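First up is the structure itself, then whatever we jot down about it.
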Number of protein chains: 2
Amino acid sequence: MSRKPLKESYRLGFDDLEALTIGAALLGTGGGGNPYIGFLRAREVFRQGATVPVIPLEVLTEEDWIGEVGGIGAPVVSAEKFEQGDEGTRALTAVEAELGIEVAAMISGEIGGANAMEPVITAAKLGIGVVDGDGMGRAFPEVQMCTFFIYGGSVSPAAIADEKGNVVVYKHVIDMFWLERMARHTTVDMGATAMLALPPMRGDFVRKTAVPATVTQAVQIGRTVLKARKARQNVVERVVEETGGKLFFTGKITDIRRHLIGGFARGEAILSGIGGWAGSEAKIAIQNENLVLWVDGIPVLMVPDLIINLELDTGEPLTTEVLRYGQRIAVIGLPAHDLMKTPKALEVVGPAAFGYPELTFNPLQSQPKVA
Amino acid sequence: MSRKPLKESYRLGFDDLEALTIGAALLGTGGGGNPYIGFLRAREVFRQGATVPVIPLEVLTEEDWIGEVGGIGAPVVSAEKFEQGDEGTRALTAVEAELGIEVAAMISGEIGGANAMEPVITAAKLGIGVVDGDGMGRAFPEVQMCTFFIYGGSVSPAAIADEKGNVVVYKHVIDMFWLERMARHTTVDMGATAMLALPPMRGDFVRKTAVPATVTQAVQIGRTVLKARKARQNVVERVVEETGGKLFFTGKITDIRRHLIGGFARGEAILSGIGGWAGSEAKIAIQNENLVLWVDGIPVLMVPDLIINLELDTGEPLTTEVLRYGQRIAVIGLPAHDLMKTPKALEVVGPAAFGYPELTFNPLQSQPKVA
């Protein structure tokens, strides 16, 4: 397939995949699907020497169509029900056919977790680039929780494909909530995971609405983690420094409840403080991702800000499905991008949208980087 | 829109709609959706003088594409949630666009109930004909329970449209059970009713697999009922004579249980015998349609044969959602068409397919018509 090349700032190669995976897992805030399986699949695609151009937002124009693919479903299932491999391209080509266009680059709707890898894999297969940005700057459980939809992107045509060969096209959808509802239930039919192609967007729209430079951010976070591990430094400290985040709690998991409800992993984790937080108790609410952190009953961190659990000793980002009794974790907070904190955005991704109308979003201020 | 005309045997006009509605309701065997609302909609379309050519199966060739639309969902809901009106054409044009074709005529997948009217309405809107035949010769609750699928018709592309403007295309579907599963759940999302366009079929395939002449049969049954009512004859007796059916029970409803489960109306009716059946008890099992009739514990009539409830005094066909305590009804049986009774068909529409593996299908023999 020959497609128009866009001006790139650098290329992702085989050696960047591990860093991207780690950074994406961390930005997944407990959800977004474990990117490790996507990493293994990407490695297979890149092993033959493929590299994927990373396209900065600035070069995108209204001439360029940008494609978006990502997994939809329950992360806990995706760890056991693997993809056949071509779901992303089958879903993407279905929406391309619907519009009679070809996309010039891919973008991730959700840099956090497995959906960081999917556009990279699809881009590598199609021989095109991946845009340096995404629609969340993190992970969120529902497809409409994305800057592209929040700021008026089309909701159709979209398509989902499963590993069995089914391809369903959402040709006309009246709003993003209908797309979420219908695609979510069809995903449950398909076995709780599938690949979703969202409506291709024009480049100028992406330039204005994408959370910028998040592919690069993920790779840099990953590199920080890898470097700190190699140098046997304190990974949690190094991540907090690198990201401009803040350490909110260190504790041991004393209780964890998880249920698969309506295709989502919902639940909560209870932590008993250790180190500087000895004697305190924390609670984290979960819907695929970490939603709210309470310390001693006070909500101190909440969506859309990022609540990230790292294993205390190794700095390993922990997705909600691997949390278990006795684990010692550090909870760090990162501020969401400003595009996620406008009144319009908070209607869709603020605490009330997740069932916490009693919480008023209290934004975490970015911490100055330690030089 | 200009489309190729096919050779017609006669035309349906405004004055035929009532007879078609009554006949379709009777062939609906308790389900298929009450065609009365479709009748009102069809009347609006025909009121301006439109007529719809009825195309006999014999004239269809492989050059002709035949379109199929029908309602999908819970009949009980369709009596309250009305259509916007263009769902059928929106779903049909979505599958036409997918294949890059235009259909030359419409066919009903299900002559029993509301789906007898939908292809007529769509045909009238498009200025094309309706094929004299259908895919069931009655009504059945699930989309795969149709001769077109049983005998190898394509399962995609299909499309569903709702009254809100949503159109979902099933571009590739691996088998008819997947189409049923996914379209059913999306229909539930849409509010439990929607319009479904099945894959357009080639004329030679339709000629071989359709249950023949069922549009004409429905109109004739309807005319018999109307004539008998006008002449104050016993409608039940006249219908049994006209159809070659058999009276199996007359009784009073003493218990009726109905639940809306997974988008279906399920339940059972208990009847206490009257007239020739005084002292006997009958039970009718329901999944949208009447599935099995037991008299004094013995299964005497079962799918795919037709189990039809008529109000004893008026001969009015009763859909399962209007059955109520105290109603006096006649239960008549009609033999299913041979295409519905092959081993291949019985796998899909026999008693076991409806959850009665203990019942062996015992076909009702056609009764000679009283001359």
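Simple scheme: letters A, B, ... for chains in structure tokens order, numbers from 1 for residues in each chain, numbers from 1 for ligands in the order shown.
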
Practice task
Please determine the contact residues of chain A with respect to chain B at a cut-off of 12 Å, counting only C-alpha atoms, and supply them as a VMD selection string.
Solution key: chain A and resid 90 to 91 93 to 95 97 to 100 155 to 191

Just the selected residues (N, CA and C atoms), exported as a short mmCIF file (atom, residue, chain, number, x, y, z; two decimals), in the first residue's frame, please.
```
data_model
loop_
_atom_site.label_atom_id
_atom_site.label_comp_id
_atom_site.auth_asym_id
_atom_site.auth_seq_id
_atom_site.Cartn_x
_atom_site.Cartn_y
_atom_site.Cartn_z
N ARG A 90 -7.92 -4.52 9.91
CA ARG A 90 -9.26 -4.81 9.38
C ARG A 90 -10.27 -3.75 9.79
N ALA A 91 -10.18 -3.32 11.05
CA ALA A 91 -11.10 -2.27 11.52
C ALA A 91 -10.78 -0.95 10.81
N THR A 93 -9.27 -0.41 7.83
CA THR A 93 -9.62 -0.38 6.41
C THR A 93 -11.14 -0.33 6.22
N ALA A 94 -11.89 -0.84 7.19
CA ALA A 94 -13.36 -0.72 7.10
C ALA A 94 -13.79 0.74 7.17
N VAL A 95 -13.19 1.52 8.06
CA VAL A 95 -13.59 2.94 8.13
C VAL A 95 -13.02 3.73 6.96
N ALA A 97 -12.68 2.54 3.92
CA ALA A 97 -13.59 2.22 2.81
C ALA A 97 -14.89 3.01 2.93
N GLU A 98 -15.35 3.16 4.15
CA GLU A 98 -16.61 3.89 4.38
C GLU A 98 -16.48 5.34 3.91
N LEU A 99 -15.31 5.95 4.17
CA LEU A 99 -15.10 7.35 3.79
C LEU A 99 -14.47 7.50 2.41
N GLY A 100 -13.95 6.40 1.86
CA GLY A 100 -13.25 6.49 0.59
C GLY A 100 -11.95 7.26 0.68
N VAL A 155 -18.18 11.03 15.39
CA VAL A 155 -18.28 9.76 16.11
C VAL A 155 -18.50 8.59 15.16
N SER A 156 -18.70 8.87 13.88
CA SER A 156 -18.81 7.79 12.91
C SER A 156 -18.23 8.26 11.58
N PRO A 157 -17.79 7.34 10.72
CA PRO A 157 -17.86 5.90 10.89
C PRO A 157 -16.75 5.37 11.81
N ALA A 158 -17.12 4.40 12.63
CA ALA A 158 -16.16 3.66 13.43
C ALA A 158 -16.36 2.18 13.12
N ALA A 159 -15.42 1.33 13.53
CA ALA A 159 -15.58 -0.10 13.24
C ALA A 159 -14.89 -0.90 14.32
N ILE A 160 -15.43 -2.07 14.62
CA ILE A 160 -14.71 -2.98 15.50
C ILE A 160 -14.53 -4.33 14.80
N ALA A 161 -13.41 -4.95 15.12
CA ALA A 161 -13.07 -6.25 14.52
C ALA A 161 -12.63 -7.19 15.63
N ASP A 162 -12.98 -8.45 15.49
CA ASP A 162 -12.52 -9.42 16.48
C ASP A 162 -11.57 -10.43 15.84
N GLU A 163 -11.05 -11.34 16.67
CA GLU A 163 -10.05 -12.29 16.19
C GLU A 163 -10.68 -13.41 15.35
N LYS A 164 -12.04 -13.48 15.38
CA LYS A 164 -12.73 -14.54 14.65
C LYS A 164 -13.02 -14.16 13.21
N GLY A 165 -12.99 -12.85 12.90
CA GLY A 165 -13.26 -12.40 11.55
C GLY A 165 -14.46 -11.47 11.44
N ASN A 166 -15.16 -11.26 12.55
CA ASN A 166 -16.30 -10.33 12.52
C ASN A 166 -15.82 -8.89 12.43
N VAL A 167 -16.45 -8.11 11.55
CA VAL A 167 -16.17 -6.67 11.46
C VAL A 167 -17.51 -5.94 11.46
N VAL A 168 -17.69 -5.05 12.43
CA VAL A 168 -18.94 -4.31 12.55
C VAL A 168 -18.63 -2.82 12.36
N VAL A 169 -19.38 -2.18 11.45
CA VAL A 169 -19.14 -0.77 11.15
C VAL A 169 -20.26 0.08 11.76
N TYR A 170 -19.89 1.07 12.54
CA TYR A 170 -20.86 2.03 13.05
C TYR A 170 -20.90 3.18 12.05
N LYS A 171 -21.83 3.05 11.10
CA LYS A 171 -21.86 3.92 9.92
C LYS A 171 -22.36 5.31 10.29
N HIS A 172 -23.46 5.37 11.02
CA HIS A 172 -23.95 6.64 11.55
C HIS A 172 -24.23 6.42 13.03
N VAL A 173 -23.67 7.26 13.86
CA VAL A 173 -23.90 7.16 15.29
C VAL A 173 -24.23 8.56 15.77
N ILE A 174 -25.29 8.68 16.58
CA ILE A 174 -25.76 10.03 16.87
C ILE A 174 -24.89 10.77 17.87
N ASP A 175 -24.25 10.06 18.79
CA ASP A 175 -23.27 10.73 19.65
C ASP A 175 -22.31 9.71 20.25
N MET A 176 -21.30 10.21 20.96
CA MET A 176 -20.24 9.33 21.43
C MET A 176 -20.73 8.33 22.48
N PHE A 177 -21.77 8.71 23.21
CA PHE A 177 -22.29 7.79 24.22
C PHE A 177 -22.95 6.58 23.55
N TRP A 178 -23.60 6.82 22.40
CA TRP A 178 -24.19 5.71 21.65
C TRP A 178 -23.11 4.80 21.08
N LEU A 179 -22.03 5.40 20.60
CA LEU A 179 -20.94 4.58 20.09
C LEU A 179 -20.38 3.71 21.21
N GLU A 180 -20.12 4.33 22.36
CA GLU A 180 -19.60 3.59 23.51
C GLU A 180 -20.56 2.45 23.87
N ARG A 181 -21.84 2.75 23.98
CA ARG A 181 -22.80 1.75 24.42
C ARG A 181 -22.87 0.57 23.45
N MET A 182 -23.00 0.89 22.15
CA MET A 182 -23.18 -0.19 21.17
C MET A 182 -21.88 -0.98 20.97
N ALA A 183 -20.76 -0.26 20.85
CA ALA A 183 -19.49 -0.96 20.62
C ALA A 183 -19.10 -1.77 21.85
N ARG A 184 -19.42 -1.24 23.03
CA ARG A 184 -19.06 -1.97 24.27
C ARG A 184 -19.81 -3.30 24.32
N HIS A 185 -21.12 -3.28 24.02
CA HIS A 185 -21.89 -4.52 24.12
C HIS A 185 -21.49 -5.52 23.04
N THR A 186 -21.19 -5.01 21.84
CA THR A 186 -20.74 -5.92 20.79
C THR A 186 -19.38 -6.50 21.17
N THR A 187 -18.55 -5.70 21.83
CA THR A 187 -17.27 -6.22 22.32
C THR A 187 -17.49 -7.35 23.33
N VAL A 188 -18.45 -7.16 24.21
CA VAL A 188 -18.77 -8.22 25.18
C VAL A 188 -19.20 -9.48 24.41
N ASP A 189 -20.04 -9.30 23.37
CA ASP A 189 -20.42 -10.45 22.54
C ASP A 189 -19.20 -11.13 21.95
N MET A 190 -18.25 -10.31 21.50
CA MET A 190 -17.07 -10.85 20.82
C MET A 190 -16.11 -11.55 21.79
N GLY A 191 -16.43 -11.49 23.08
CA GLY A 191 -15.58 -12.16 24.07
C GLY A 191 -14.82 -11.18 24.93
#
```

Would you list, as a compact mmCIF listing (two decimals) with N, CA and C atoms, in the first residue's frame, the residues of segment 50-252 of chain A that end up in alpha helix (DSSP H) under DSSP run on this structure's backbone?
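Okay, out08.txt is ready:
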```
# COMPACT_ATOMS: atom_id res chain seq x y z
N PRO A 75 -9.47 -5.17 30.28
CA PRO A 75 -8.04 -5.48 30.27
C PRO A 75 -7.74 -6.89 30.78
N VAL A 76 -8.46 -7.31 31.81
CA VAL A 76 -8.14 -8.60 32.43
C VAL A 76 -8.34 -9.74 31.43
N VAL A 77 -9.26 -9.55 30.47
CA VAL A 77 -9.49 -10.60 29.47
C VAL A 77 -8.39 -10.59 28.42
N SER A 78 -7.90 -9.39 28.07
CA SER A 78 -6.91 -9.30 27.00
C SER A 78 -5.60 -9.99 27.36
N GLU A 87 -6.62 -7.51 13.46
CA GLU A 87 -7.84 -6.81 13.86
C GLU A 87 -7.74 -5.31 13.60
N GLY A 88 -6.60 -4.72 13.95
CA GLY A 88 -6.43 -3.27 13.81
C GLY A 88 -6.54 -2.83 12.36
N THR A 89 -5.85 -3.53 11.47
CA THR A 89 -5.90 -3.12 10.07
C THR A 89 -7.28 -3.43 9.46
N ARG A 90 -7.92 -4.52 9.91
CA ARG A 90 -9.26 -4.81 9.38
C ARG A 90 -10.27 -3.75 9.79
N ALA A 91 -10.18 -3.32 11.05
CA ALA A 91 -11.10 -2.27 11.52
C ALA A 91 -10.78 -0.95 10.81
N LEU A 92 -9.49 -0.63 10.69
CA LEU A 92 -9.10 0.63 10.04
C LEU A 92 -9.54 0.66 8.58
N THR A 93 -9.27 -0.41 7.83
CA THR A 93 -9.62 -0.38 6.41
C THR A 93 -11.14 -0.33 6.22
N ALA A 94 -11.89 -0.84 7.19
CA ALA A 94 -13.36 -0.72 7.10
C ALA A 94 -13.79 0.74 7.17
N VAL A 95 -13.19 1.52 8.06
CA VAL A 95 -13.59 2.94 8.13
C VAL A 95 -13.02 3.73 6.96
N GLU A 96 -11.83 3.35 6.49
CA GLU A 96 -11.29 4.00 5.29
C GLU A 96 -12.23 3.78 4.10
N ALA A 97 -12.68 2.54 3.92
CA ALA A 97 -13.59 2.22 2.81
C ALA A 97 -14.89 3.01 2.93
N GLU A 98 -15.35 3.16 4.15
CA GLU A 98 -16.61 3.89 4.38
C GLU A 98 -16.48 5.34 3.91
N LEU A 99 -15.31 5.95 4.17
CA LEU A 99 -15.10 7.35 3.79
C LEU A 99 -14.47 7.50 2.41
N MET A 117 0.37 0.89 21.99
CA MET A 117 1.07 0.01 21.04
C MET A 117 0.28 -0.21 19.76
N GLU A 118 -1.05 -0.24 19.85
CA GLU A 118 -1.85 -0.64 18.68
C GLU A 118 -1.63 0.24 17.47
N PRO A 119 -1.65 1.58 17.61
CA PRO A 119 -1.43 2.41 16.42
C PRO A 119 -0.02 2.22 15.86
N VAL A 120 0.94 1.95 16.76
CA VAL A 120 2.32 1.72 16.30
C VAL A 120 2.38 0.44 15.47
N ILE A 121 1.70 -0.61 15.93
CA ILE A 121 1.68 -1.87 15.20
C ILE A 121 0.99 -1.68 13.84
N THR A 122 -0.18 -1.01 13.86
CA THR A 122 -0.90 -0.79 12.60
C THR A 122 -0.09 0.09 11.65
N ALA A 123 0.56 1.12 12.20
CA ALA A 123 1.40 2.00 11.37
C ALA A 123 2.53 1.20 10.73
N ALA A 124 3.17 0.34 11.52
CA ALA A 124 4.28 -0.46 10.99
C ALA A 124 3.78 -1.36 9.86
N LYS A 125 2.59 -1.94 10.05
CA LYS A 125 2.05 -2.84 9.02
C LYS A 125 1.72 -2.09 7.74
N LEU A 126 1.25 -0.84 7.88
CA LEU A 126 0.85 -0.06 6.70
C LEU A 126 2.00 0.76 6.14
N THR A 147 -10.12 13.57 24.12
CA THR A 147 -10.18 14.96 23.64
C THR A 147 -10.84 15.06 22.26
N PHE A 148 -10.61 14.05 21.42
CA PHE A 148 -11.15 14.13 20.06
C PHE A 148 -12.68 14.22 20.08
N PHE A 149 -13.29 13.44 20.96
CA PHE A 149 -14.76 13.50 21.07
C PHE A 149 -15.20 14.72 21.86
N ILE A 150 -14.46 15.00 22.95
CA ILE A 150 -14.84 16.14 23.80
C ILE A 150 -14.86 17.43 22.98
N MET A 176 -21.30 10.21 20.96
CA MET A 176 -20.24 9.33 21.43
C MET A 176 -20.73 8.33 22.48
N PHE A 177 -21.77 8.71 23.21
CA PHE A 177 -22.29 7.79 24.22
C PHE A 177 -22.95 6.58 23.55
N TRP A 178 -23.60 6.82 22.40
CA TRP A 178 -24.19 5.71 21.65
C TRP A 178 -23.11 4.80 21.08
N LEU A 179 -22.03 5.40 20.60
CA LEU A 179 -20.94 4.58 20.09
C LEU A 179 -20.38 3.71 21.21
N GLU A 180 -20.12 4.33 22.36
CA GLU A 180 -19.60 3.59 23.51
C GLU A 180 -20.56 2.45 23.87
N ARG A 181 -21.84 2.75 23.98
CA ARG A 181 -22.80 1.75 24.42
C ARG A 181 -22.87 0.57 23.45
N MET A 182 -23.00 0.89 22.15
CA MET A 182 -23.18 -0.19 21.17
C MET A 182 -21.88 -0.98 20.97
N ALA A 183 -20.76 -0.26 20.85
CA ALA A 183 -19.49 -0.96 20.62
C ALA A 183 -19.10 -1.77 21.85
N ARG A 184 -19.42 -1.24 23.03
CA ARG A 184 -19.06 -1.97 24.27
C ARG A 184 -19.81 -3.30 24.32
N HIS A 185 -21.12 -3.28 24.02
CA HIS A 185 -21.89 -4.52 24.12
C HIS A 185 -21.49 -5.52 23.04
N THR A 186 -21.19 -5.01 21.84
CA THR A 186 -20.74 -5.92 20.79
C THR A 186 -19.38 -6.50 21.17
N THR A 187 -18.55 -5.70 21.83
CA THR A 187 -17.27 -6.22 22.32
C THR A 187 -17.49 -7.35 23.33
N VAL A 188 -18.45 -7.16 24.21
CA VAL A 188 -18.77 -8.22 25.18
C VAL A 188 -19.20 -9.48 24.41
N ASP A 189 -20.04 -9.30 23.37
CA ASP A 189 -20.42 -10.45 22.54
C ASP A 189 -19.20 -11.13 21.95
N GLY A 203 -6.00 16.30 9.82
CA GLY A 203 -4.79 16.66 10.55
C GLY A 203 -4.90 17.95 11.35
N ASP A 204 -5.57 18.96 10.81
CA ASP A 204 -5.64 20.24 11.54
C ASP A 204 -6.45 20.10 12.82
N PHE A 205 -7.45 19.22 12.79
CA PHE A 205 -8.25 18.97 13.99
C PHE A 205 -7.40 18.26 15.05
N VAL A 206 -6.64 17.27 14.60
CA VAL A 206 -5.76 16.53 15.52
C VAL A 206 -4.74 17.48 16.13
N ARG A 207 -4.18 18.37 15.31
CA ARG A 207 -3.15 19.31 15.77
C ARG A 207 -3.68 20.13 16.95
N LYS A 208 -4.98 20.51 16.88
CA LYS A 208 -5.54 21.37 17.93
C LYS A 208 -6.02 20.61 19.16
N THR A 209 -6.41 19.35 18.96
CA THR A 209 -7.11 18.66 20.06
C THR A 209 -6.32 17.54 20.73
N THR A 214 2.91 12.87 23.63
CA THR A 214 2.80 11.82 24.65
C THR A 214 3.50 10.52 24.26
N VAL A 215 3.72 10.30 22.97
CA VAL A 215 4.53 9.13 22.59
C VAL A 215 5.95 9.34 23.10
N THR A 216 6.48 10.54 22.85
CA THR A 216 7.82 10.88 23.34
C THR A 216 7.88 10.83 24.87
N GLN A 217 6.85 11.37 25.51
CA GLN A 217 6.80 11.33 26.98
C GLN A 217 6.85 9.89 27.50
N ALA A 218 6.07 9.02 26.88
CA ALA A 218 6.05 7.62 27.33
C ALA A 218 7.43 6.97 27.15
N VAL A 219 8.04 7.22 26.00
CA VAL A 219 9.37 6.63 25.76
C VAL A 219 10.36 7.17 26.78
N GLN A 220 10.30 8.46 27.09
CA GLN A 220 11.24 9.04 28.05
C GLN A 220 11.02 8.50 29.46
N ILE A 221 9.78 8.38 29.87
CA ILE A 221 9.51 7.79 31.19
C ILE A 221 10.08 6.37 31.23
N GLY A 222 9.82 5.62 30.16
CA GLY A 222 10.32 4.24 30.10
C GLY A 222 11.84 4.18 30.19
N ARG A 223 12.47 5.10 29.49
CA ARG A 223 13.94 5.12 29.53
C ARG A 223 14.44 5.46 30.93
N THR A 224 13.75 6.38 31.59
CA THR A 224 14.12 6.74 32.97
C THR A 224 14.05 5.51 33.88
N VAL A 225 12.95 4.76 33.73
CA VAL A 225 12.78 3.56 34.55
C VAL A 225 13.89 2.55 34.26
N LEU A 226 14.14 2.30 32.98
CA LEU A 226 15.15 1.31 32.60
C LEU A 226 16.53 1.71 33.11
N LYS A 227 16.84 3.01 32.97
CA LYS A 227 18.14 3.52 33.40
C LYS A 227 18.28 3.41 34.93
N ALA A 228 17.24 3.79 35.64
CA ALA A 228 17.28 3.74 37.10
C ALA A 228 17.43 2.31 37.59
N ARG A 229 16.72 1.39 36.91
CA ARG A 229 16.84 -0.01 37.30
C ARG A 229 18.26 -0.51 37.12
N LYS A 230 18.82 -0.16 35.95
CA LYS A 230 20.16 -0.61 35.62
C LYS A 230 21.16 -0.06 36.64
N VAL A 235 13.68 3.71 41.76
CA VAL A 235 12.93 3.99 40.52
C VAL A 235 11.77 4.96 40.79
N VAL A 236 11.09 4.76 41.92
CA VAL A 236 9.95 5.61 42.22
C VAL A 236 10.39 7.08 42.30
N GLU A 237 11.48 7.31 43.01
CA GLU A 237 12.00 8.69 43.12
C GLU A 237 12.36 9.26 41.75
N ARG A 238 13.03 8.45 40.96
CA ARG A 238 13.46 8.93 39.64
C ARG A 238 12.26 9.25 38.74
N VAL A 239 11.21 8.43 38.83
CA VAL A 239 10.01 8.67 38.01
C VAL A 239 9.34 9.98 38.45
N VAL A 240 9.25 10.18 39.76
CA VAL A 240 8.64 11.40 40.27
C VAL A 240 9.41 12.62 39.76
N GLU A 241 10.74 12.54 39.80
CA GLU A 241 11.57 13.64 39.29
C GLU A 241 11.35 13.86 37.79
N GLU A 242 11.41 12.77 37.03
CA GLU A 242 11.34 12.86 35.57
C GLU A 242 10.01 13.43 35.10
N THR A 243 8.94 13.02 35.77
CA THR A 243 7.60 13.37 35.28
C THR A 243 7.07 14.66 35.87
```

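We find atom CA of Val322 of chain B and atom CA of Ala25 of chain B to be spaced 12.3 Å apart.
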
Problem - Selection: 7 Å around Phe248 of chain B, only C-alpha atoms, excl. self and same-chain fewer than 6 positions, as a PyMOL selection string - result: chain B and resi 331-333

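Each of A:Val143, A:Ala336, A:Ile308, A:Leu271 was checked against Asp296 of chain A using only C-alpha atoms; the smallest atom-to-atom distance is that of A:Leu271.
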